[in-house]
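S.K.: The file below is run19.pdb, PDB, C-alpha atoms and all ligand atoms:
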```
ATOM      1  CA  MET F 129     -10.180  12.041  -6.801
ATOM      2  CA  THR F 130      -7.388  14.595  -6.671
ATOM      3  CA  THR F 131      -4.810  15.053  -9.371
ATOM      4  CA  PRO F 132      -2.037  12.518  -8.921
ATOM      5  CA  THR F 133       0.654  14.103  -6.815
ATOM      6  CA  HIS F 134       4.250  13.486  -5.943
ATOM      7  CA  PRO F 135       4.838  13.846  -2.194
ATOM      8  CA  SER F 136       6.994  16.909  -1.675
ATOM      9  CA  GLU F 137       8.281  15.847   1.721
ATOM     10  CA  LEU F 138      10.338  13.098   0.105
ATOM     11  CA  PRO F 139      14.018  13.276   1.001
ATOM     12  CA  SER F 140      16.507  14.663  -1.484
ATOM     13  CA  PRO F 141      19.161  12.320  -2.916
ATOM     14  CA  GLU F 142      21.682  13.996  -0.559
ATOM     15  CA  GLN F 143      19.519  13.199   2.431
ATOM     16  CA  ILE F 144      19.181   9.618   1.262
ATOM     17  CA  VAL F 145      22.968   9.279   0.992
ATOM     18  CA  LEU F 146      23.437  10.833   4.422
ATOM     19  CA  ARG F 147      20.886   8.530   5.889
ATOM     20  CA  ALA F 148      22.379   5.429   4.341
ATOM     21  CA  GLY F 149      24.960   5.328   7.128
ATOM     22  CA  LEU F 150      22.340   5.435   9.874
ATOM     23  CA  ASP F 151      21.091   2.356  11.576
ATOM     24  CA  ILE F 152      17.581   2.192  10.192
ATOM     25  CA  PRO F 153      15.932  -1.117  11.020
ATOM     26  CA  SER F 154      14.937  -3.189   8.018
ATOM     27  CA  PHE F 155      12.327  -4.953  10.101
ATOM     28  CA  ILE F 156      10.092  -3.845  12.957
ATOM     29  CA  ALA F 157       8.626  -6.588  15.139
ATOM     30  CA  PRO F 158       5.006  -6.148  16.238
ATOM     31  CA  LYS F 159       4.139  -5.323  19.854
ATOM     32  CA  PRO F 160       1.064  -7.462  20.541
ATOM     33  CA  THR F 161       0.440  -5.846  23.934
ATOM     34  CA  ALA F 162      -0.148  -2.461  22.265
ATOM     35  CA  LEU F 163      -0.987  -2.764  18.603
ATOM     36  CA  PHE F 164      -4.527  -4.148  18.877
ATOM     37  CA  ALA F 165      -5.501  -1.367  21.279
ATOM     38  CA  GLU F 166      -4.044   1.230  18.905
ATOM     39  CA  ARG F 167      -5.946  -0.317  16.011
ATOM     40  CA  ALA F 168      -9.187  -0.298  18.011
ATOM     41  CA  LEU F 169      -8.709   3.364  18.916
ATOM     42  CA  ARG F 170      -8.075   4.316  15.320
ATOM     43  CA  LEU F 171     -11.125   2.352  14.155
ATOM     44  CA  ARG F 172     -13.309   4.200  16.664
ATOM     45  CA  GLN F 173     -11.849   7.518  15.529
ATOM     46  CA  LEU F 174     -12.486   6.726  11.863
ATOM     47  CA  ALA F 175     -15.992   5.371  12.527
ATOM     48  CA  ALA F 176     -17.402   8.782  13.475
ATOM     49  CA  GLY F 177     -19.735   9.865  10.699
ATOM     50  CA  HIS F 178     -18.443   7.080   8.413
ATOM     51  CA  ALA F 179     -20.707   5.249   5.955
ATOM     52  CA  MET F 180     -19.285   1.958   7.321
ATOM     53  CA  ARG F 181     -19.644   3.096  10.943
ATOM     54  CA  GLU F 182     -21.271  -0.113  12.252
ATOM     55  CA  TYR F 183     -18.661  -2.342  10.663
ATOM     56  CA  LEU F 184     -15.727  -0.243  11.845
ATOM     57  CA  LEU F 185     -17.125  -0.270  15.385
ATOM     58  CA  LEU F 186     -17.600  -4.045  15.258
ATOM     59  CA  MET F 187     -13.948  -4.440  14.239
ATOM     60  CA  ALA F 188     -12.967  -2.046  17.045
ATOM     61  CA  VAL F 189     -14.742  -4.322  19.554
ATOM     62  CA  VAL F 190     -12.953  -7.321  18.021
ATOM     63  CA  CYS F 191      -9.558  -5.572  18.320
ATOM     64  CA  GLU F 192     -10.305  -4.610  21.931
ATOM     65  CA  ALA F 193     -10.977  -8.267  22.701
ATOM     66  CA  LEU F 194      -7.700  -9.259  20.982
ATOM     67  CA  HIS F 195      -5.932  -6.658  23.094
ATOM     68  CA  GLU F 196      -7.272  -8.250  26.297
ATOM     69  CA  ARG F 197      -6.056 -11.676  25.190
ATOM     70  CA  ALA F 198      -2.682 -10.276  24.118
ATOM     71  CA  GLN F 199      -1.871  -9.061  27.638
ATOM     72  CA  ALA F 200      -1.030 -12.595  28.750
ATOM     73  CA  HIS F 201       1.919 -14.433  27.253
ATOM     74  CA  PRO F 202       0.593 -17.544  25.602
ATOM     75  CA  ALA F 203       2.161 -20.864  26.528
ATOM     76  CA  LEU F 204       3.548 -21.674  23.116
ATOM     77  CA  PRO F 205       6.500 -23.902  22.313
ATOM     78  CA  PRO F 206       9.731 -21.940  21.870
ATOM     79  CA  PRO F 207      10.769 -21.351  18.269
ATOM     80  CA  ASP F 208      13.264 -23.687  16.737
ATOM     81  CA  ALA F 209      16.210 -21.298  16.593
ATOM     82  CA  GLU F 210      18.083 -23.187  13.918
ATOM     83  CA  SER F 211      15.179 -23.445  11.503
ATOM     84  CA  VAL F 212      14.323 -19.745  11.999
ATOM     85  CA  ALA F 213      17.908 -18.695  11.301
ATOM     86  CA  GLN F 214      18.136 -20.986   8.290
ATOM     87  CA  ALA F 215      14.878 -19.682   6.848
ATOM     88  CA  LEU F 216      15.896 -16.053   7.319
ATOM     89  CA  ALA F 217      19.320 -16.692   5.796
ATOM     90  CA  SER F 218      17.738 -18.246   2.706
ATOM     91  CA  ALA F 219      15.073 -15.503   2.402
ATOM     92  CA  GLN F 220      12.265 -17.905   3.291
ATOM     93  CA  PRO F 221       9.571 -16.712   5.717
ATOM     94  CA  PRO F 222      10.284 -18.667   8.940
ATOM     95  CA  LEU F 223       6.709 -18.364  10.207
ATOM     96  CA  ALA F 224       4.910 -19.232   6.969
ATOM     97  CA  PRO F 225       1.649 -21.091   7.691
ATOM     98  CA  GLN F 226       2.976 -24.035   5.656
ATOM     99  CA  ARG F 227       6.009 -24.327   7.979
ATOM    100  CA  LEU F 228       4.517 -23.366  11.317
ATOM    101  CA  ALA F 229       1.957 -25.806  12.689
ATOM    102  CA  ARG F 230      -0.814 -23.986  14.541
ATOM    103  CA  GLU F 231      -1.027 -24.915  18.199
ATOM    104  CA  PRO F 232      -4.622 -25.825  19.201
ATOM    105  CA  SER F 233      -4.426 -23.056  21.820
ATOM    106  CA  TRP F 234      -5.129 -20.490  19.105
ATOM    107  CA  ARG F 235      -8.733 -21.721  19.049
ATOM    108  CA  THR F 236      -9.092 -21.385  22.828
ATOM    109  CA  GLU F 237      -7.700 -17.855  22.747
ATOM    110  CA  TRP F 238      -9.861 -16.915  19.806
ATOM    111  CA  ARG F 239     -13.070 -18.331  21.365
ATOM    112  CA  ALA F 240     -12.324 -16.391  24.564
ATOM    113  CA  ALA F 241     -11.901 -13.224  22.497
ATOM    114  CA  MET F 242     -15.158 -13.851  20.643
ATOM    115  CA  ALA F 243     -16.988 -14.428  23.941
ATOM    116  CA  GLN F 244     -15.789 -11.014  25.011
ATOM    117  CA  VAL F 245     -16.961  -9.509  21.726
ATOM    118  CA  LEU F 246     -20.441 -10.886  22.446
ATOM    119  CA  GLN F 247     -20.408  -9.291  25.889
ATOM    120  CA  HIS F 248     -19.646  -5.889  24.403
ATOM    121  CA  LEU F 249     -21.985  -5.938  21.422
ATOM    122  CA  PRO F 250     -25.350  -4.232  21.922
ATOM    123  CA  ALA F 251     -28.288  -6.627  22.360
ATOM    124  CA  ASP F 252     -29.767  -5.548  19.031
ATOM    125  CA  SER F 253     -26.535  -5.744  17.044
ATOM    126  CA  PRO F 254     -27.042  -7.730  13.828
ATOM    127  CA  ALA F 255     -23.484  -9.055  14.220
ATOM    128  CA  ARG F 256     -24.410 -11.068  17.342
ATOM    129  CA  ALA F 257     -25.832 -13.963  15.342
ATOM    130  CA  THR F 258     -22.672 -14.216  13.230
ATOM    131  CA  VAL F 259     -20.413 -14.160  16.296
ATOM    132  CA  GLN F 260     -22.550 -16.754  18.068
ATOM    133  CA  ALA F 261     -22.541 -19.025  15.017
ATOM    134  CA  VAL F 262     -18.804 -18.761  14.550
ATOM    135  CA  ILE F 263     -18.017 -19.506  18.222
ATOM    136  CA  ALA F 264     -20.110 -22.649  17.931
ATOM    137  CA  LEU F 265     -18.185 -23.945  14.900
ATOM    138  CA  PRO F 266     -16.685 -27.386  15.600
ATOM    139  CA  ASP F 267     -12.877 -27.427  15.672
ATOM    140  CA  ALA F 268     -12.589 -29.226  12.335
ATOM    141  CA  ALA F 269     -14.799 -26.691  10.542
ATOM    142  CA  LEU F 270     -12.947 -23.794  12.171
ATOM    143  CA  GLU F 271      -9.583 -25.212  11.095
ATOM    144  CA  GLN F 272     -10.889 -25.716   7.581
ATOM    145  CA  GLN F 273     -11.935 -22.057   7.402
ATOM    146  CA  ALA F 274      -8.558 -21.018   8.839
ATOM    147  CA  GLU F 275      -6.730 -23.103   6.212
ATOM    148  CA  ARG F 276      -8.638 -21.408   3.403
ATOM    149  CA  LEU F 277      -8.017 -17.964   4.874
ATOM    150  CA  LEU F 278      -4.299 -18.588   5.232
ATOM    151  CA  ALA F 279      -4.046 -19.985   1.718
ATOM    152  CA  GLY F 280      -5.960 -17.044   0.268
ATOM    153  CA  ILE F 281      -8.704 -19.317  -1.041
ATOM    154  CA  THR F 282     -12.064 -17.578  -1.033
ATOM    155  CA  LEU F 283     -13.926 -20.550  -2.530
ATOM    156  CA  GLY F 284     -15.893 -22.184   0.301
ATOM    157  CA  LEU F 285     -14.933 -19.453   2.740
ATOM    158  CA  ASP F 286     -17.733 -18.098   4.945
ATOM    159  CA  MET F 287     -17.235 -14.426   4.088
ATOM    160  CA  ALA F 288     -19.208 -13.133   7.094
ATOM    161  CA  ALA F 289     -17.215 -15.249   9.548
ATOM    162  CA  ALA F 290     -13.854 -14.789   7.810
ATOM    163  CA  PRO F 291     -12.865 -11.448   9.401
ATOM    164  CA  LEU F 292     -13.644 -12.825  12.872
ATOM    165  CA  ILE F 293     -11.577 -15.965  12.306
ATOM    166  CA  ALA F 294      -8.813 -13.908  10.672
ATOM    167  CA  ALA F 295      -8.628 -11.767  13.807
ATOM    168  CA  GLY F 296      -7.771 -14.876  15.844
ATOM    169  CA  LEU F 297      -5.086 -15.862  13.347
ATOM    170  CA  GLN F 298      -3.647 -12.340  13.480
ATOM    171  CA  LEU F 299      -3.420 -12.566  17.270
ATOM    172  CA  TYR F 300      -1.721 -15.960  17.078
ATOM    173  CA  TRP F 301       0.810 -15.009  14.388
ATOM    174  CA  THR F 302       1.570 -11.656  15.952
ATOM    175  CA  GLN F 303       2.329 -13.307  19.294
ATOM    176  CA  ARG F 304       4.403 -16.037  17.647
ATOM    177  CA  LEU F 305       6.440 -13.511  15.701
ATOM    178  CA  ALA F 306       6.954 -11.198  18.675
ATOM    179  CA  ALA F 307       8.136 -14.132  20.810
ATOM    180  CA  THR F 308      10.401 -15.457  18.057
ATOM    181  CA  ALA F 309      11.955 -12.055  17.369
ATOM    182  CA  ALA F 310      12.498 -11.518  21.117
ATOM    183  CA  ALA F 311      14.114 -14.950  21.517
ATOM    184  CA  GLN F 312      16.396 -14.516  18.500
ATOM    185  CA  PRO F 313      17.084 -10.802  18.197
ATOM    186  CA  ASP F 314      20.351 -11.370  16.348
ATOM    187  CA  ALA F 315      18.775 -13.464  13.612
ATOM    188  CA  PHE F 316      16.200 -10.749  12.966
ATOM    189  CA  LYS F 317      18.575  -7.839  13.383
ATOM    190  CA  SER F 318      20.930  -9.031  10.709
ATOM    191  CA  PHE F 319      18.390 -10.073   8.172
ATOM    192  CA  ALA F 320      18.319  -7.861   5.115
ATOM    193  CA  PRO F 321      15.128  -6.713   3.442
ATOM    194  CA  PRO F 322      14.251  -9.106   0.663
ATOM    195  CA  ALA F 323      15.045  -8.062  -2.885
ATOM    196  CA  SER F 324      12.634  -5.648  -4.510
ATOM    197  CA  PRO F 325       9.794  -6.114  -5.096
ATOM    198  CA  ALA F 326       9.238  -7.664  -1.690
ATOM    199  CA  GLN F 327       5.705  -8.714  -2.424
ATOM    200  CA  HIS F 328       5.273 -10.910   0.626
ATOM    201  CA  CYS F 329       6.055 -10.649   4.320
ATOM    202  CA  PRO F 330       9.583 -11.926   5.042
ATOM    203  CA  CYS F 331       8.324 -13.385   8.357
ATOM    204  CA  CYS F 332       5.111 -15.213   7.423
ATOM    205  CA  GLY F 333       4.834 -14.904   3.638
ATOM    206  CA  SER F 334       1.476 -13.082   3.636
ATOM    207  CA  LEU F 335       0.665 -10.128   1.462
ATOM    208  CA  PRO F 336       0.897  -6.658   2.987
ATOM    209  CA  THR F 337      -2.245  -4.659   3.709
ATOM    210  CA  ALA F 338      -0.647  -1.278   3.007
ATOM    211  CA  SER F 339       2.596   0.594   3.364
ATOM    212  CA  ILE F 340       3.346   3.306   5.900
ATOM    213  CA  THR F 341       5.746   6.220   5.811
ATOM    214  CA  ARG F 342       6.915   6.558   9.374
ATOM    215  CA  ALA F 343       7.744   9.665  11.356
ATOM    216  CA  GLY F 344      10.011  10.233  14.345
ATOM    217  CA  GLN F 345      13.681  10.042  15.158
ATOM    218  CA  GLY F 346      15.605   8.155  12.508
ATOM    219  CA  PHE F 347      12.461   7.152  10.623
ATOM    220  CA  LYS F 348      11.661  10.304   8.652
ATOM    221  CA  GLY F 349      11.127   9.466   5.015
ATOM    222  CA  GLN F 350      11.318   5.710   5.641
ATOM    223  CA  ARG F 351       8.654   3.454   4.271
ATOM    224  CA  TYR F 352       7.609   0.039   5.558
ATOM    225  CA  LEU F 353       5.163  -2.542   4.308
ATOM    226  CA  HIS F 354       2.706  -3.799   6.941
ATOM    227  CA  CYS F 355       1.865  -7.514   7.009
ATOM    228  CA  ALA F 356      -1.819  -8.457   6.881
ATOM    229  CA  LEU F 357      -1.299 -11.473   9.162
ATOM    230  CA  CYS F 358       1.645 -11.153  11.581
ATOM    231  CA  ASN F 359       1.795  -7.325  11.747
ATOM    232  CA  ALA F 360       5.500  -7.253  10.919
ATOM    233  CA  GLN F 361       6.752  -4.174   9.100
ATOM    234  CA  TRP F 362       9.570  -4.478   6.586
ATOM    235  CA  ARG F 363      11.388  -1.648   4.947
ATOM    236  CA  THR F 364      10.907  -0.924   1.309
ATOM    237  CA  GLU F 365      11.946   1.769  -1.133
ATOM    238  CA  LEU F 366      10.049   5.012  -0.889
ATOM    239  CA  ILE F 367       8.771   5.205  -4.429
ATOM    240  CA  HIS F 368       8.313   1.939  -6.218
ATOM    241  CA  CYS F 369       5.559  -0.471  -7.072
ATOM    242  CA  CYS F 370       5.135  -3.089  -4.348
ATOM    243  CA  HIS F 371       3.850  -5.562  -6.923
ATOM    244  CA  CYS F 372       6.341  -5.397  -9.821
ATOM    245  CA  GLY F 373       9.116  -3.216  -8.402
ATOM    246  CA  SER F 374       8.886  -0.555 -11.120
ATOM    247  CA  ALA F 375       9.930   2.924 -10.023
ATOM    248  CA  LYS F 376       8.508   4.551 -13.140
ATOM    249  CA  GLY F 377       4.898   5.505 -13.703
ATOM    250  CA  ILE F 378       4.112   5.604  -9.990
ATOM    251  CA  GLN F 379       1.262   7.945  -9.100
ATOM    252  CA  TYR F 380      -0.643   8.783  -5.955
ATOM    253  CA  GLN F 381      -4.427   8.985  -5.888
ATOM    254  CA  ALA F 382      -6.438  10.181  -2.924
ATOM    255  CA  LEU F 383      -9.963  10.950  -1.954
ATOM    256  CA  GLN F 384     -10.258  14.675  -1.594
ATOM    257  CA  ALA F 385      -9.884  15.637   2.060
ATOM    258  CA  VAL F 386     -12.789  17.968   2.708
ATOM    259  CA  GLY F 387     -12.608  20.677   5.362
ATOM    260  CA  ASP F 388     -15.499  22.248   7.262
ATOM    261  CA  ALA F 389     -16.370  24.658   4.469
ATOM    262  CA  GLY F 390     -16.168  21.975   1.827
ATOM    263  CA  THR F 391     -12.705  23.141   0.820
ATOM    264  CA  PRO F 392      -9.714  20.883   0.493
ATOM    265  CA  ASP F 393      -8.111  20.446   3.865
ATOM    266  CA  THR F 394      -4.627  19.046   4.397
ATOM    267  CA  ARG F 395      -3.078  16.522   2.056
ATOM    268  CA  ALA F 396      -4.555  13.090   2.370
ATOM    269  CA  ALA F 397      -2.975  10.788   4.945
ATOM    270  CA  VAL F 398      -4.133   7.797   2.902
ATOM    271  CA  GLU F 399      -3.296   7.435  -0.782
ATOM    272  CA  ALA F 400      -3.348   4.696  -3.366
ATOM    273  CA  GLU F 401       0.040   4.217  -4.988
ATOM    274  CA  THR F 402      -0.696   3.128  -8.537
ATOM    275  CA  CYS F 403       1.715   1.626 -11.056
ATOM    276  CA  GLU F 404       1.397   2.168 -14.798
ATOM    277  CA  ALA F 405       3.744  -0.727 -15.558
ATOM    278  CA  CYS F 406       1.632  -3.510 -14.041
ATOM    279  CA  ARG F 407      -1.612  -1.635 -13.234
ATOM    280  CA  HIS F 408      -1.568  -2.702  -9.581
ATOM    281  CA  TYR F 409      -1.937  -0.497  -6.543
ATOM    282  CA  LEU F 410      -1.371  -0.569  -2.813
ATOM    283  CA  LYS F 411      -2.387   2.013  -0.288
ATOM    284  CA  ILE F 412       0.173   4.125   1.522
ATOM    285  CA  VAL F 413      -0.547   5.858   4.835
ATOM    286  CA  HIS F 414       1.526   8.810   6.012
ATOM    287  CA  MET F 415       2.374   9.306   9.687
ATOM    288  CA  GLU F 416       3.685  12.794   8.989
ATOM    289  CA  ARG F 417       0.270  13.875   7.770
ATOM    290  CA  ASP F 418      -1.642  12.148  10.566
ATOM    291  CA  ALA F 419       0.269  10.739  13.526
ATOM    292  CA  HIS F 420      -2.539   8.279  14.309
ATOM    293  CA  VAL F 421      -2.645   6.403  11.004
ATOM    294  CA  GLU F 422      -2.723   2.640  11.398
ATOM    295  CA  PRO F 423      -2.300   0.638   8.171
ATOM    296  CA  ILE F 424      -5.016  -1.952   8.714
ATOM    297  CA  ALA F 425      -7.615   0.418  10.223
ATOM    298  CA  ASP F 426      -7.000   3.154   7.660
ATOM    299  CA  ASP F 427      -7.121   0.693   4.794
ATOM    300  CA  LEU F 428     -10.461  -0.635   6.039
ATOM    301  CA  ALA F 429     -11.928   2.854   6.369
ATOM    302  CA  SER F 430     -10.853   3.933   2.878
ATOM    303  CA  LEU F 431     -12.789   1.372   0.867
ATOM    304  CA  THR F 432     -14.151   4.182  -1.327
ATOM    305  CA  LEU F 433     -10.616   4.804  -2.535
ATOM    306  CA  ASP F 434     -10.355   1.124  -3.571
ATOM    307  CA  LEU F 435     -13.563   1.465  -5.538
ATOM    308  CA  LEU F 436     -12.317   4.576  -7.352
ATOM    309  CA  VAL F 437      -8.933   3.105  -8.171
ATOM    310  CA  SER F 438     -10.372  -0.227  -9.293
ATOM    311  CA  ASP F 439     -12.894   1.635 -11.470
ATOM    312  CA  ALA F 440      -9.878   3.220 -13.136
ATOM    313  CA  GLY F 441      -8.613  -0.281 -13.957
ATOM    314  CA  TYR F 442      -6.052  -0.943 -11.239
ATOM    315  CA  GLN F 443      -5.884  -4.221  -9.361
ATOM    316  CA  ARG F 444      -5.134  -4.369  -5.683
ATOM    317  CA  HIS F 445      -1.840  -5.835  -4.495
ATOM    318  CA  GLY F 446      -2.294  -6.760  -0.894
ATOM    319  CA  THR F 447      -5.082  -7.915   1.324
ATOM    320  CA  ASN F 448      -6.957  -6.857   4.439
ATOM    321  CA  LEU F 449      -8.123  -9.909   6.354
ATOM    322  CA  LEU F 450     -10.693  -7.825   8.215
ATOM    323  CA  LEU F 451     -12.632  -7.308   4.979
ATOM    324  CA  LEU F 452     -12.231  -9.884   2.249
ATOM    325  CA  PHE F 453     -13.598  -9.998  -1.234
ATOM    326  CA  GLY F 454     -13.617 -12.786  -3.768
ATOM    327  CA  ASP F 455     -10.320 -12.378  -5.595
ATOM    328  CA  SER F 456      -8.912 -14.068  -8.638
ATOM    329  CA  GLU F 457      -5.323 -13.831  -7.426
ATOM    330  CA  PRO F 458      -3.942 -16.071  -4.699
ATOM    331  CA  ALA F 459      -3.211 -14.107  -1.533
ATOM    332  CA  GLN F 460      -0.283 -16.344  -0.627
ATOM    333  CA  PRO F 461       2.808 -17.539  -2.400
ATOM    334  CA  GLU F 462       2.782 -21.135  -3.568
ATOM    335  CA  PRO F 463       4.094 -23.450  -0.853
ATOM    336  CA  ALA F 464       7.798 -24.047  -1.358
TER     337      ALA F 464
HETATM  338 ZN    ZN F 501       3.771 -11.490   8.174
HETATM  339 ZN    ZN F 502       3.881  -2.387 -10.826
END
```
What would you get if you wrote out this structure as structure tokens?
M.R.:
Amino acid sequence: MTTPTHPSELPSPEQIVLRAGLDIPSFIAPKPTALFAERALRLRQLAAGHAMREYLLLMAVVCEALHERAQAHPALPPPDAESVAQALASAQPPLAPQRLAREPSWRTEWRAAMAQVLQHLPADSPARATVQAVIALPDAALEQQAERLLAGITLGLDMAAAPLIAAGLQLYWTQRLAATAAAQPDAFKSFAPPASPAQHCPCCGSLPTASITRAGQGFKGQRYLHCALCNAQWRTELIHCCHCGSAKGIQYQALQAVGDAGTPDTRAAVEAETCEACRHYLKIVHMERDAHVEPIADDLASLTLDLLVSDAGYQRHGTNLLLLFGDSEPAQPEPA
């Protein structure tokens, strides 16, 4: 682990003031026709020489299948404009699983994606049996697993099947959110980021997987939290704890980036942001250090960093549905 650092590319207070007048979006809607392909690419890139190579490649195949499904617009009922606007205005997530009934079509889409996964897995892949078993789950059992996943309940959850089922829920929620945001751009445009700390996604109420500092025109130095379920990104302060909101005692831990000669390479694109006030952490990925970072893929491929930080006594804030562990904390807010 490197010495905790303070990112030096952070904007000065003057830059922050200057930027305050710019139109920086507080919310970025997901693009389902592109994001699963980008995630798959990143997973393949990270899998090379990785200790979790087989698992990362399996998740890449899953994301490629989601990408195929995401190319068609699903026939879903249009969002109820009034209830979405009301929820946003009262800082309630309009697409929370408790509010938004799942259409049965999510299961059809998901089974089609899993059938494609089977086609692309090698004949001797140990994952085949899990995929086959999960496709064959009766609807009621599948819905029961989905309910537990969405409620953050690991008791009774089939941990091997969970990432596969979660992938289908991610596809469904990402498409629902993209369609809702496209149908009601004004409602989403005007909605302000929730008060700090914004622990949960303002669209669906899930925990974030990680945060990302974005690069590019108008985004330099801006940080967004990335939703584990609907892939929304919402803006948050650059340096503060995503769990308790403290801006003091924030440190950055990274695995040492090792160059060819075993020497430290560039600064790590993935760090754990730890908080001394509440002893929680969340990972942060930096686009300026690696343009290809993808919050969910990079979080998955940096499990060693979780182990180091949790050994040091920090508890994770946030979840990655593509790799779940038994957790004592609920992954969802209590239903309103
Ligand atoms: Zn969300
Ligand atoms: Zn904290």
S.K.: Excluding Asp418 (chain F) and residues on its chain fewer than 4 positions from it, collect all residues at most 9 Å away from it, counting all atoms listed in the file, and give them as a list in words.
M.R.: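 Answer for this query is Ala396, Ala397, Val413 and His414 of chain F.
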S.K.: Check the smallest atom-to-atom distance from each of F:Phe453, F:Trp362, F:Phe164, F:Phe316 to ligand ZN 501 (chain F) using all atoms listed in the file, then report the winner.
M.R.: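 For ligand ZN 501 (chain F), the nearest of the candidates is F:Trp362.
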S.K.: Between CA of Gln173 (chain F) and CA of Leu435 (chain F), what distance in Å does the model show, to one decimal?
M.R.: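 These atoms are spaced 22.0 Å apart.
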S.K.: To test your reading of the syntax: which residues would the PyMOL selection byres (((not hetatm)) within 9 of (chain F and resi 502)) return for the file shown? Reply as an MDAnalysis selection string.
M.R.: chainID F and resid 368:378 402:409
S.K.: Could you give me, as an MDAnalysis selection string, the residues within 12 Å of region 308-312 of chain F, counting all atoms listed in the file and dropping anything in the same chain fewer than 2 positions from it?
M.R.: chainID F and resid 155:159 204:213 216 222:223 228 301:306 314:319 331:332 358 360
S.K.: Just checking: using only C-alpha atoms and all ligand atoms, which residue out of F:Ala224, F:Leu171, F:Ile263, F:Ala419 ends up closest to ligand ZN 501 (chain F)?
M.R.: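 That would be F:Ala224, the residue with the smallest distance to ligand ZN 501 (chain F).
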S.K.: Restricting the calculation to only C-alpha atoms and all ligand atoms, which member of F:Leu357, F:Ala193, F:Ala241, F:Leu270 is positioned closest to ligand ZN 501 (chain F)?
M.R.: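 Of F:Leu357, F:Ala193, F:Ala241, F:Leu270, the one nearest ligand ZN 501 (chain F) is F:Leu357, counting only C-alpha atoms and all ligand atoms.
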